[in-house]
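Scroll down for the structure; my scribbles are underneath it.
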Amino acid sequence: MKKVLSIIICLVMALSVGTAVCAGEVKFTDVNPGSWYYDDVMNAVELGIINGKTTTKFAPDDNLTYAEAIKIAACMYQVYKEGEVLLVPGGEPWYQTYVDYAKDHGIISKDYNYNEKATRAGYMEIFANALPDEALEEINNVPHGSIPDVPVYEEYCDEIYKLYRAGILQGVDSSRRCEPSANIKRCEVAAIITRMMDESERLKFNMPGYEDIILDDPDIEIKEYETIVVGPSEEPYNPETPEYTLDNTKTPVEIKTQPQSVETLGYSSPGTLLVEATEGSGRYTYQWKYRKGRETYDVVDTFYVIGATTNKLTIYTNPNNEMTGASIYCCVTDANGTSINSKTASVFGPFTMKVEEFLFDEDRNMIVTGRLNDGLLKKGDKLSVERNGKVIAFITVVDLQMFDKSLDEARKGDNIGLVFELTDGVRPASGDTVMRYYDYQQLDLSDIVN
């Protein structure tokens, strides 16, 4: 890490595709001193890692391409290793020099559609290998599986977690989602370059739910999870507590709080089912169970399932995990051997539905039909519609129909007619994807042909 800081002063070569410009001469007409990214852009240009598209235009709102991402990564790597940038654009196409260098030095191991806009996951894969591990020291507590929309089974998972833990990235909102399929602007890249090359600019944080854990505290052992069997007061069981005397005068054990179905923010995000008991005799024991067809099975703790024998069951959703969307209930037993089952509930992954057909009913209400791939849908829910990776509409659920009957809710696997109100954008069509609405989403109707 110290090497990065000591050689920054050696960055003197501008690396844009166009004409090189010395830092002292830079004056971009589209980068205003009042912009949030002004300092980052100027710093990144002074470092020589990025430059304007012309001598006067930086294009801060343009999306980064894969070719540009690889060029930047190759330059950062060479600065770290050699103290200066010797690479220059040349050949056909212009980025071939950087691609060859990146492959030779293990920054990339595959080909890209170089002129396409880079996704956030795509550029993160590249940038995570732009500096050696010693230059990306972990400073944040980001447990595996804690980033809501980065499934642990995705090939880009490790690279994204590496950058979060090093303080290069912090997520796009309070839940620290990554938005891996979104694009990234050049102004945002400038901020990331600054953090890559200057450790004093890196971001220190903990993931939601881990705020009280300090990563470098030697007295704290960080654990991904811990399973605890609890008693009627929901306090951890203490084996030194005097033996409990059965009280057969109490009424039978009852369920005070029933588990409620939940939908997670993204795959690999946790969803929790809670059950609370009352009355009965002695300490309660818990066994969560799930139904598969006509059979019933005990839930067991795995990488994705935590707390199978406690009153709180946590499931990290995964489309390939049979526990995601399963019908689950808890069997609570008191010390006298009396048992009672809770109601069933489920932990769903994020809602999505592929549109099979768009139509009007006899009252001219707009309807889309399809099958819920995952999730839990209710009347009044606000949704977005995606086409070719772009959000083209916002809609609100007016009614849910199945076999000419109105439903209060629909869930994973249901084939429904979704009656909706179009609040913004264009009408959905067959092949579009309906998904959960988030306030960061923006309409993009640039490819819509009227």
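Note on naming: chains are A, B, ... as they come in the structure tokens, residues start from 1 per chain, ligands start from 1 in the order shown.
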Taking 3 positions as the minimum chain separation for residues in the same chain, which residues sit within 6 Å of Thr56 in chain A when counting only C-alpha atoms? Answer as a ChimeraX atom specification. /A:27-29
If you count only C-alpha atoms, which residues fall within 6 Å of Ala166 in chain A, apart from same-chain ones fewer than 5 positions away, as a PDB file with all heavy atoms, in the first residue's frame?
ATOM      1  N   LEU A 136      -4.672  -3.580  -1.688  1.00  0.00           N
ATOM      2  CA  LEU A 136      -6.113  -3.515  -1.432  1.00  0.00           C
ATOM      3  C   LEU A 136      -6.404  -4.163  -0.082  1.00  0.00           C
ATOM      4  O   LEU A 136      -7.142  -5.139   0.034  1.00  0.00           O
ATOM      5  CB  LEU A 136      -6.885  -4.207  -2.557  1.00  0.00           C
ATOM      6  CG  LEU A 136      -6.817  -3.507  -3.929  1.00  0.00           C
ATOM      7  CD1 LEU A 136      -7.441  -4.392  -5.007  1.00  0.00           C
ATOM      8  CD2 LEU A 136      -7.503  -2.142  -3.890  1.00  0.00           C
ATOM      9  N   GLU A 137      -5.821  -3.594   0.943  1.00  0.00           N
ATOM     10  CA  GLU A 137      -5.962  -4.118   2.296  1.00  0.00           C
ATOM     11  C   GLU A 137      -7.407  -4.007   2.768  1.00  0.00           C
ATOM     12  O   GLU A 137      -8.081  -3.007   2.521  1.00  0.00           O
ATOM     13  CB  GLU A 137      -5.043  -3.332   3.234  1.00  0.00           C
ATOM     14  CG  GLU A 137      -5.135  -3.748   4.693  1.00  0.00           C
ATOM     15  CD  GLU A 137      -4.290  -2.863   5.581  1.00  0.00           C
ATOM     16  OE1 GLU A 137      -3.560  -2.003   5.031  1.00  0.00           O
ATOM     17  OE2 GLU A 137      -4.368  -3.026   6.806  1.00  0.00           O
ATOM     18  N   GLU A 138      -7.891  -5.028   3.452  1.00  0.00           N
ATOM     19  CA  GLU A 138      -9.264  -5.018   3.969  1.00  0.00           C
ATOM     20  C   GLU A 138      -9.364  -4.053   5.148  1.00  0.00           C
ATOM     21  O   GLU A 138      -8.630  -4.165   6.119  1.00  0.00           O
ATOM     22  CB  GLU A 138      -9.688  -6.418   4.406  1.00  0.00           C
ATOM     23  CG  GLU A 138      -9.840  -7.395   3.254  1.00  0.00           C
ATOM     24  CD  GLU A 138     -10.440  -8.726   3.694  1.00  0.00           C
ATOM     25  OE1 GLU A 138     -10.926  -8.801   4.847  1.00  0.00           O
ATOM     26  OE2 GLU A 138     -10.417  -9.676   2.902  1.00  0.00           O
ATOM     27  N   ILE A 139     -10.303  -3.123   5.061  1.00  0.00           N
ATOM     28  CA  ILE A 139     -10.542  -2.181   6.164  1.00  0.00           C
ATOM     29  C   ILE A 139     -11.990  -2.207   6.630  1.00  0.00           C
ATOM     30  O   ILE A 139     -12.329  -1.562   7.620  1.00  0.00           O
ATOM     31  CB  ILE A 139     -10.150  -0.740   5.749  1.00  0.00           C
ATOM     32  CG1 ILE A 139     -11.020  -0.254   4.578  1.00  0.00           C
ATOM     33  CG2 ILE A 139      -8.672  -0.643   5.415  1.00  0.00           C
ATOM     34  CD1 ILE A 139     -10.823   1.217   4.235  1.00  0.00           C
TER      35      ILE A 139
END
So what do you get for CA of Tyr98 in chain A versus CA of Tyr112 in chain A, distance-wise?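 Those two atoms sit 12.8 Å apart.
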At what distance in Å, to one decimal, does CA of Lys390 in chain A lie from CA of Gln442 in chain A?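 CA of Lys390 in chain A lies 8.8 Å from CA of Gln442 in chain A.
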Selection near Ile160 in chain A, 8 Å with only C-alpha atoms, sequence-local residues under 3 positions removed, as an MDAnalysis selection string: chainID A and resid 121 124:125 128 156:157 163:164
Produce a file of the selected residues containing C-alpha atoms, as a compact mmCIF listing (two decimals), in the first residue's frame.
# COMPACT_ATOMS: atom_id res chain seq x y z
CA ALA A 121 -20.00 -5.93 -12.13
CA MET A 124 -15.34 -4.27 -10.87
CA GLU A 125 -14.01 -7.62 -12.08
CA ALA A 128 -10.15 -5.74 -8.60
CA TYR A 156 -17.97 -11.71 -10.14
CA CYS A 157 -18.82 -12.11 -6.44
CA LEU A 163 -13.42 -3.81 -3.47
CA TYR A 164 -16.08 -3.30 -0.77
Separating CA of Glu68 in chain A from CA of Leu445 in chain A, to the nearest tenth of an Å, is a gap of 25.5 Å
Nearest candidate to Gly266 in chain A (options A:Phe420, A:Tyr438, A:Tyr95, A:Phe394; using only C-alpha atoms):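 Residue with the minimum atom-to-atom distance to Gly266 in chain A: A:Tyr438.
Among the candidates A:Ile107, A:Ala44, A:Ile315, A:Val152, the one nearest to Thr194 in chain A when counting only C-alpha atoms is A:Ala44.
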Extract the full set of strand (DSSP E or B) residues from range 246-308 of chain A according to DSSP on the backbone, and format it as an mmCIF file with N, CA and C atoms, in the first residue's frame.
data_model
loop_
_atom_site.group_PDB
_atom_site.id
_atom_site.type_symbol
_atom_site.label_atom_id
_atom_site.label_comp_id
_atom_site.auth_asym_id
_atom_site.auth_seq_id
_atom_site.Cartn_x
_atom_site.Cartn_y
_atom_site.Cartn_z
ATOM 1 N N GLU A 254 -48.797 -22.210 23.492
ATOM 2 C CA GLU A 254 -49.498 -21.532 22.410
ATOM 3 C C GLU A 254 -48.519 -20.687 21.604
ATOM 4 N N ILE A 255 -48.883 -20.389 20.371
ATOM 5 C CA ILE A 255 -48.078 -19.507 19.521
ATOM 6 C C ILE A 255 -48.549 -18.075 19.726
ATOM 7 N N LYS A 256 -47.668 -17.223 20.223
ATOM 8 C CA LYS A 256 -48.002 -15.810 20.444
ATOM 9 C C LYS A 256 -47.754 -14.978 19.189
ATOM 10 N N THR A 257 -46.643 -15.259 18.489
ATOM 11 C CA THR A 257 -46.284 -14.537 17.274
ATOM 12 C C THR A 257 -46.061 -15.529 16.147
ATOM 13 N N VAL A 262 -41.786 -13.205 3.861
ATOM 14 C CA VAL A 262 -41.003 -12.021 3.523
ATOM 15 C C VAL A 262 -40.367 -12.204 2.150
ATOM 16 N N GLU A 263 -40.000 -11.089 1.540
ATOM 17 C CA GLU A 263 -39.271 -11.082 0.275
ATOM 18 C C GLU A 263 -37.951 -10.351 0.489
ATOM 19 N N PRO A 270 -30.570 -11.937 3.308
ATOM 20 C CA PRO A 270 -31.258 -12.730 4.322
ATOM 21 C C PRO A 270 -32.721 -12.347 4.493
ATOM 22 N N GLY A 271 -33.552 -13.343 4.719
ATOM 23 C CA GLY A 271 -34.936 -13.151 5.122
ATOM 24 C C GLY A 271 -35.173 -13.959 6.378
ATOM 25 N N THR A 272 -35.921 -13.425 7.337
ATOM 26 C CA THR A 272 -36.055 -14.072 8.639
ATOM 27 C C THR A 272 -37.512 -14.357 8.971
ATOM 28 N N LEU A 273 -37.744 -15.569 9.481
ATOM 29 C CA LEU A 273 -39.045 -15.974 10.016
ATOM 30 C C LEU A 273 -38.919 -16.078 11.527
ATOM 31 N N LEU A 274 -39.869 -15.477 12.250
ATOM 32 C CA LEU A 274 -39.813 -15.440 13.709
ATOM 33 C C LEU A 274 -41.071 -16.055 14.295
ATOM 34 N N GLU A 276 -42.864 -16.872 18.257
ATOM 35 C CA GLU A 276 -42.772 -16.687 19.701
ATOM 36 C C GLU A 276 -43.876 -17.495 20.366
ATOM 37 N N ALA A 277 -43.501 -18.183 21.429
ATOM 38 C CA ALA A 277 -44.443 -19.047 22.142
ATOM 39 C C ALA A 277 -44.789 -18.449 23.507
ATOM 40 N N THR A 278 -45.903 -18.938 24.063
ATOM 41 C CA THR A 278 -46.311 -18.519 25.397
ATOM 42 C C THR A 278 -46.987 -19.690 26.090
ATOM 43 N N THR A 285 -38.365 -25.748 23.035
ATOM 44 C CA THR A 285 -37.424 -26.127 21.978
ATOM 45 C C THR A 285 -38.136 -25.917 20.646
ATOM 46 N N TYR A 286 -37.324 -25.718 19.606
ATOM 47 C CA TYR A 286 -37.866 -25.356 18.301
ATOM 48 C C TYR A 286 -37.280 -26.253 17.222
ATOM 49 N N GLN A 287 -38.117 -26.616 16.269
ATOM 50 C CA GLN A 287 -37.653 -27.311 15.076
ATOM 51 C C GLN A 287 -38.445 -26.783 13.886
ATOM 52 N N TRP A 288 -37.752 -26.068 13.013
ATOM 53 C CA TRP A 288 -38.401 -25.604 11.790
ATOM 54 C C TRP A 288 -38.510 -26.755 10.804
ATOM 55 N N LYS A 289 -39.603 -26.803 10.093
ATOM 56 C CA LYS A 289 -39.871 -27.866 9.130
ATOM 57 C C LYS A 289 -40.370 -27.250 7.824
ATOM 58 N N TYR A 290 -40.228 -28.006 6.733
ATOM 59 C CA TYR A 290 -40.749 -27.519 5.457
ATOM 60 C C TYR A 290 -41.431 -28.650 4.701
ATOM 61 N N ARG A 291 -42.388 -28.247 3.880
ATOM 62 C CA ARG A 291 -43.166 -29.221 3.120
ATOM 63 C C ARG A 291 -42.685 -29.262 1.681
ATOM 64 N N LYS A 292 -42.558 -30.456 1.169
ATOM 65 C CA LYS A 292 -42.187 -30.667 -0.222
ATOM 66 C C LYS A 292 -43.112 -31.735 -0.775
ATOM 67 N N GLU A 295 -44.660 -34.627 1.513
ATOM 68 C CA GLU A 295 -43.706 -34.982 2.558
ATOM 69 C C GLU A 295 -43.307 -33.760 3.375
ATOM 70 N N THR A 296 -42.910 -34.005 4.634
ATOM 71 C CA THR A 296 -42.429 -32.961 5.531
ATOM 72 C C THR A 296 -41.025 -33.319 5.999
ATOM 73 N N TYR A 297 -40.144 -32.330 5.998
ATOM 74 C CA TYR A 297 -38.741 -32.558 6.356
ATOM 75 C C TYR A 297 -38.302 -31.541 7.406
ATOM 76 N N ASP A 298 -37.345 -31.939 8.241
ATOM 77 C CA ASP A 298 -36.739 -30.999 9.179
ATOM 78 C C ASP A 298 -35.810 -30.057 8.433
ATOM 79 N N VAL A 305 -28.863 -21.457 5.393
ATOM 80 C CA VAL A 305 -29.927 -21.561 6.395
ATOM 81 C C VAL A 305 -29.312 -21.504 7.783
ATOM 82 N N ILE A 306 -29.832 -20.616 8.628
ATOM 83 C CA ILE A 306 -29.277 -20.409 9.966
ATOM 84 C C ILE A 306 -30.407 -20.399 10.987
#
Could you name the residues that touch Pro350 in chain A at 7 Å or less, counting only C-alpha atoms, but leaving out those on the same chain fewer than 3 positions away, as an mmCIF file with N, CA, C and O atoms, in the first residue's frame?
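Final file, result22.cif:
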data_model
loop_
_atom_site.group_PDB
_atom_site.id
_atom_site.type_symbol
_atom_site.label_atom_id
_atom_site.label_comp_id
_atom_site.auth_asym_id
_atom_site.auth_seq_id
_atom_site.Cartn_x
_atom_site.Cartn_y
_atom_site.Cartn_z
ATOM 1 N N GLU A 263 -40.000 -11.089 1.540
ATOM 2 C CA GLU A 263 -39.271 -11.082 0.275
ATOM 3 C C GLU A 263 -37.951 -10.351 0.489
ATOM 4 O O GLU A 263 -37.930 -9.258 1.047
ATOM 5 N N THR A 264 -36.846 -10.939 0.056
ATOM 6 C CA THR A 264 -35.549 -10.318 0.266
ATOM 7 C C THR A 264 -35.258 -9.280 -0.819
ATOM 8 O O THR A 264 -35.851 -9.305 -1.899
ATOM 9 N N LEU A 265 -34.302 -8.394 -0.537
ATOM 10 C CA LEU A 265 -33.933 -7.352 -1.488
ATOM 11 C C LEU A 265 -33.279 -7.922 -2.738
ATOM 12 O O LEU A 265 -33.398 -7.380 -3.831
ATOM 13 N N GLY A 266 -32.562 -9.020 -2.575
ATOM 14 C CA GLY A 266 -31.866 -9.643 -3.699
ATOM 15 C C GLY A 266 -31.447 -11.043 -3.315
ATOM 16 O O GLY A 266 -31.526 -11.434 -2.143
ATOM 17 N N TYR A 267 -31.020 -11.834 -4.292
ATOM 18 C CA TYR A 267 -30.514 -13.164 -3.975
ATOM 19 C C TYR A 267 -29.230 -13.033 -3.157
ATOM 20 O O TYR A 267 -28.424 -12.121 -3.360
ATOM 21 N N ASP A 374 -40.333 -15.499 -8.818
ATOM 22 C CA ASP A 374 -40.015 -15.462 -7.394
ATOM 23 C C ASP A 374 -40.763 -14.285 -6.791
ATOM 24 O O ASP A 374 -41.344 -13.458 -7.495
ATOM 25 N N GLY A 375 -40.753 -14.219 -5.473
ATOM 26 C CA GLY A 375 -41.291 -13.055 -4.802
ATOM 27 C C GLY A 375 -42.711 -13.183 -4.313
ATOM 28 O O GLY A 375 -43.370 -14.214 -4.476
#
Can you pull out the residues contacting Glu357 in chain A? Cut-off 10 Å, using only C-alpha atoms, and skip same-chain residues under 6 positions away; I want them as a PDB file with N, CA, C and O atoms, in the first residue's frame.
ATOM      1  N   ILE A 367     -53.814  -5.205 -18.428  1.00  0.00           N
ATOM      2  CA  ILE A 367     -53.434  -6.438 -17.742  1.00  0.00           C
ATOM      3  C   ILE A 367     -52.202  -7.027 -18.429  1.00  0.00           C
ATOM      4  O   ILE A 367     -52.087  -7.012 -19.653  1.00  0.00           O
ATOM      5  N   VAL A 368     -51.282  -7.534 -17.626  1.00  0.00           N
ATOM      6  CA  VAL A 368     -50.221  -8.392 -18.152  1.00  0.00           C
ATOM      7  C   VAL A 368     -50.357  -9.749 -17.480  1.00  0.00           C
ATOM      8  O   VAL A 368     -50.711  -9.851 -16.296  1.00  0.00           O
ATOM      9  N   THR A 369     -50.117 -10.803 -18.237  1.00  0.00           N
ATOM     10  CA  THR A 369     -50.189 -12.156 -17.691  1.00  0.00           C
ATOM     11  C   THR A 369     -48.788 -12.740 -17.620  1.00  0.00           C
ATOM     12  O   THR A 369     -47.900 -12.370 -18.388  1.00  0.00           O
ATOM     13  N   GLY A 370     -48.605 -13.659 -16.678  1.00  0.00           N
ATOM     14  CA  GLY A 370     -47.314 -14.315 -16.549  1.00  0.00           C
ATOM     15  C   GLY A 370     -47.234 -15.127 -15.271  1.00  0.00           C
ATOM     16  O   GLY A 370     -48.184 -15.179 -14.481  1.00  0.00           O
ATOM     17  N   GLY A 417     -53.035 -12.893 -13.721  1.00  0.00           N
ATOM     18  CA  GLY A 417     -53.280 -11.702 -14.511  1.00  0.00           C
ATOM     19  C   GLY A 417     -53.068 -10.513 -13.602  1.00  0.00           C
ATOM     20  O   GLY A 417     -53.729 -10.383 -12.568  1.00  0.00           O
ATOM     21  N   PRO A 428     -46.223  -2.149 -21.173  1.00  0.00           N
ATOM     22  CA  PRO A 428     -45.422  -3.373 -21.267  1.00  0.00           C
ATOM     23  C   PRO A 428     -45.836  -4.203 -22.480  1.00  0.00           C
ATOM     24  O   PRO A 428     -46.942  -4.049 -23.020  1.00  0.00           O
ATOM     25  N   ALA A 429     -44.941  -5.096 -22.894  1.00  0.00           N
ATOM     26  CA  ALA A 429     -45.221  -5.982 -24.020  1.00  0.00           C
ATOM     27  C   ALA A 429     -44.688  -7.373 -23.698  1.00  0.00           C
ATOM     28  O   ALA A 429     -43.923  -7.559 -22.749  1.00  0.00           O
ATOM     29  N   SER A 430     -45.093  -8.337 -24.484  1.00  0.00           N
ATOM     30  CA  SER A 430     -44.626  -9.704 -24.305  1.00  0.00           C
ATOM     31  C   SER A 430     -43.100  -9.751 -24.327  1.00  0.00           C
ATOM     32  O   SER A 430     -42.465  -9.151 -25.188  1.00  0.00           O
ATOM     33  N   GLY A 431     -42.521 -10.448 -23.361  1.00  0.00           N
ATOM     34  CA  GLY A 431     -41.070 -10.554 -23.262  1.00  0.00           C
ATOM     35  C   GLY A 431     -40.446  -9.597 -22.276  1.00  0.00           C
ATOM     36  O   GLY A 431     -39.291  -9.785 -21.872  1.00  0.00           O
ATOM     37  N   ASP A 432     -41.180  -8.531 -21.874  1.00  0.00           N
ATOM     38  CA  ASP A 432     -40.665  -7.616 -20.857  1.00  0.00           C
ATOM     39  C   ASP A 432     -40.620  -8.328 -19.501  1.00  0.00           C
ATOM     40  O   ASP A 432     -41.279  -9.359 -19.290  1.00  0.00           O
TER      41      ASP A 432
END
Could you write out, as a ChimeraX atom specification, all the residues of range 194-443 of chain A that DSSP marks as helix (DSSP H, G or I)? /A:194-197,199-201
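Candidate residues A:Val150, A:Ile72, A:Ile192, A:Val347 were compared for distance to Ile168 in chain A, and the nearest is A:Ile192, using only C-alpha atoms.
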Closest of A:Gly48, A:Arg186, A:Ala69, A:Asn113 to Val31 in chain A, counting only C-alpha atoms, is A:Arg186
Residues at most 9 Å from Met76 in chain A, counting only C-alpha atoms, excluding those fewer than 3 positions away in the same chain, as a list in words?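 The residues that qualify are Ile49, Lys71, Ile72, Ala73, Val79, Tyr80, Lys81, Val85, Phe127, Ala130, Leu131, Ile193, Met196 and Met197 of chain A.
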Polymer residues at most 10 Å from Thr65 in chain A, only C-alpha atoms, same-chain spacing of 5 or more positions, as JSON, numbers by chain: {"A": [70, 71, 113, 114, 115, 116, 117, 118, 119, 122, 123, 183, 184, 185, 186]}
Just-selected residues, all heavy atoms written as a short mmCIF file (atom, residue, chain, number, x, y, z; two decimals), in the first residue's frame:
data_model
loop_
_atom_site.label_atom_id
_atom_site.label_comp_id
_atom_site.auth_asym_id
_atom_site.auth_seq_id
_atom_site.Cartn_x
_atom_site.Cartn_y
_atom_site.Cartn_z
N ILE A 70 -10.45 -1.33 -19.22
CA ILE A 70 -9.21 -2.11 -19.32
C ILE A 70 -8.01 -1.18 -19.44
O ILE A 70 -6.95 -1.41 -18.83
CB ILE A 70 -9.29 -3.09 -20.50
CG1 ILE A 70 -10.34 -4.16 -20.20
CG2 ILE A 70 -7.93 -3.73 -20.78
CD1 ILE A 70 -10.73 -5.00 -21.40
N LYS A 71 -8.15 -0.11 -20.19
CA LYS A 71 -7.06 0.86 -20.31
C LYS A 71 -6.70 1.44 -18.95
O LYS A 71 -5.52 1.50 -18.55
CB LYS A 71 -7.45 1.98 -21.26
CG LYS A 71 -6.33 2.99 -21.49
CD LYS A 71 -6.83 4.28 -22.13
CE LYS A 71 -7.14 5.31 -21.09
NZ LYS A 71 -7.37 6.66 -21.64
N ASN A 113 -16.79 -7.50 -25.18
CA ASN A 113 -17.28 -6.67 -26.28
C ASN A 113 -16.79 -5.25 -25.95
O ASN A 113 -17.48 -4.48 -25.29
CB ASN A 113 -18.80 -6.73 -26.39
CG ASN A 113 -19.28 -8.09 -26.83
OD1 ASN A 113 -18.66 -8.72 -27.67
ND2 ASN A 113 -20.39 -8.55 -26.26
N TYR A 114 -15.58 -4.95 -26.40
CA TYR A 114 -14.83 -3.83 -25.86
C TYR A 114 -15.51 -2.47 -26.03
O TYR A 114 -15.32 -1.57 -25.21
CB TYR A 114 -13.43 -3.80 -26.49
CG TYR A 114 -12.62 -5.03 -26.15
CD1 TYR A 114 -12.39 -6.03 -27.09
CD2 TYR A 114 -12.10 -5.19 -24.87
CE1 TYR A 114 -11.66 -7.15 -26.76
CE2 TYR A 114 -11.36 -6.30 -24.52
CZ TYR A 114 -11.15 -7.30 -25.48
OH TYR A 114 -10.43 -8.42 -25.15
N ASN A 115 -16.29 -2.29 -27.05
CA ASN A 115 -16.92 -1.00 -27.29
C ASN A 115 -18.28 -0.88 -26.61
O ASN A 115 -18.93 0.17 -26.69
CB ASN A 115 -17.07 -0.74 -28.79
CG ASN A 115 -15.72 -0.51 -29.46
OD1 ASN A 115 -14.87 0.21 -28.93
ND2 ASN A 115 -15.50 -1.12 -30.62
N GLU A 116 -18.72 -1.95 -25.93
CA GLU A 116 -19.99 -1.89 -25.21
C GLU A 116 -19.81 -1.19 -23.87
O GLU A 116 -18.71 -1.16 -23.29
CB GLU A 116 -20.55 -3.29 -24.98
CG GLU A 116 -21.15 -3.91 -26.22
CD GLU A 116 -21.93 -5.18 -25.88
OE1 GLU A 116 -21.96 -5.57 -24.69
OE2 GLU A 116 -22.51 -5.77 -26.80
N LYS A 117 -20.90 -0.65 -23.34
CA LYS A 117 -20.88 -0.04 -22.03
C LYS A 117 -20.59 -1.10 -20.96
O LYS A 117 -21.22 -2.17 -20.96
CB LYS A 117 -22.21 0.64 -21.73
CG LYS A 117 -22.57 1.76 -22.69
CD LYS A 117 -23.97 2.27 -22.43
CE LYS A 117 -24.37 3.33 -23.45
NZ LYS A 117 -25.77 3.80 -23.23
N ALA A 118 -19.69 -0.81 -20.08
CA ALA A 118 -19.34 -1.77 -19.02
C ALA A 118 -20.43 -1.76 -17.95
O ALA A 118 -20.92 -0.70 -17.55
CB ALA A 118 -18.00 -1.40 -18.41
N THR A 119 -20.80 -2.94 -17.48
CA THR A 119 -21.67 -3.02 -16.31
C THR A 119 -20.83 -2.76 -15.07
O THR A 119 -19.60 -2.83 -15.10
CB THR A 119 -22.33 -4.40 -16.19
OG1 THR A 119 -21.31 -5.39 -15.97
CG2 THR A 119 -23.12 -4.74 -17.45
N GLY A 122 -18.98 -5.79 -14.34
CA GLY A 122 -17.91 -6.00 -15.31
C GLY A 122 -16.68 -5.19 -15.03
O GLY A 122 -15.55 -5.71 -15.04
N TYR A 123 -16.85 -3.89 -14.76
CA TYR A 123 -15.65 -3.08 -14.49
C TYR A 123 -15.04 -3.45 -13.14
O TYR A 123 -13.82 -3.36 -12.95
CB TYR A 123 -15.99 -1.58 -14.56
CG TYR A 123 -16.28 -0.92 -13.24
CD1 TYR A 123 -15.26 -0.52 -12.38
CD2 TYR A 123 -17.60 -0.70 -12.84
CE1 TYR A 123 -15.54 0.06 -11.16
CE2 TYR A 123 -17.88 -0.11 -11.63
CZ TYR A 123 -16.86 0.27 -10.79
OH TYR A 123 -17.14 0.84 -9.58
N ASN A 183 -24.85 0.44 -15.48
CA ASN A 183 -23.62 0.98 -16.05
C ASN A 183 -23.00 1.98 -15.07
O ASN A 183 -23.57 2.29 -14.03
CB ASN A 183 -23.90 1.67 -17.39
CG ASN A 183 -24.53 0.72 -18.40
OD1 ASN A 183 -25.62 0.96 -18.90
ND2 ASN A 183 -23.85 -0.37 -18.70
N ILE A 184 -21.81 2.50 -15.41
CA ILE A 184 -21.15 3.46 -14.55
C ILE A 184 -20.67 4.64 -15.38
O ILE A 184 -20.18 4.47 -16.51
CB ILE A 184 -19.97 2.82 -13.78
CG1 ILE A 184 -19.36 3.84 -12.83
CG2 ILE A 184 -18.93 2.26 -14.74
CD1 ILE A 184 -18.42 3.25 -11.81
N LYS A 185 -20.82 5.84 -14.83
CA LYS A 185 -20.44 7.06 -15.54
C LYS A 185 -18.96 7.36 -15.34
O LYS A 185 -18.35 6.95 -14.35
CB LYS A 185 -21.28 8.23 -15.05
CG LYS A 185 -22.77 8.09 -15.33
CD LYS A 185 -23.54 9.28 -14.79
CE LYS A 185 -25.04 9.14 -15.06
NZ LYS A 185 -25.80 10.30 -14.53
N ARG A 186 -18.41 8.15 -16.27
CA ARG A 186 -17.00 8.51 -16.19
C ARG A 186 -16.68 9.33 -14.93
O ARG A 186 -15.61 9.20 -14.35
CB ARG A 186 -16.60 9.29 -17.45
CG ARG A 186 -16.39 8.40 -18.67
CD ARG A 186 -16.28 9.22 -19.95
NE ARG A 186 -15.26 10.25 -19.88
CZ ARG A 186 -13.96 10.08 -20.13
NH1 ARG A 186 -13.52 8.86 -20.46
NH2 ARG A 186 -13.11 11.09 -20.06
#
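Using only C-alpha atoms, the smallest distance between any of A:Asp404, A:Ala410, A:Val391, A:Ile340 and Arg427 in chain A comes from A:Val391.
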Could you check which of A:Leu422, A:Leu372, A:Val45, A:Leu377 is closest to Cys187 in chain A, using only C-alpha atoms?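 That would be A:Val45, the residue with the smallest distance to Cys187 in chain A.
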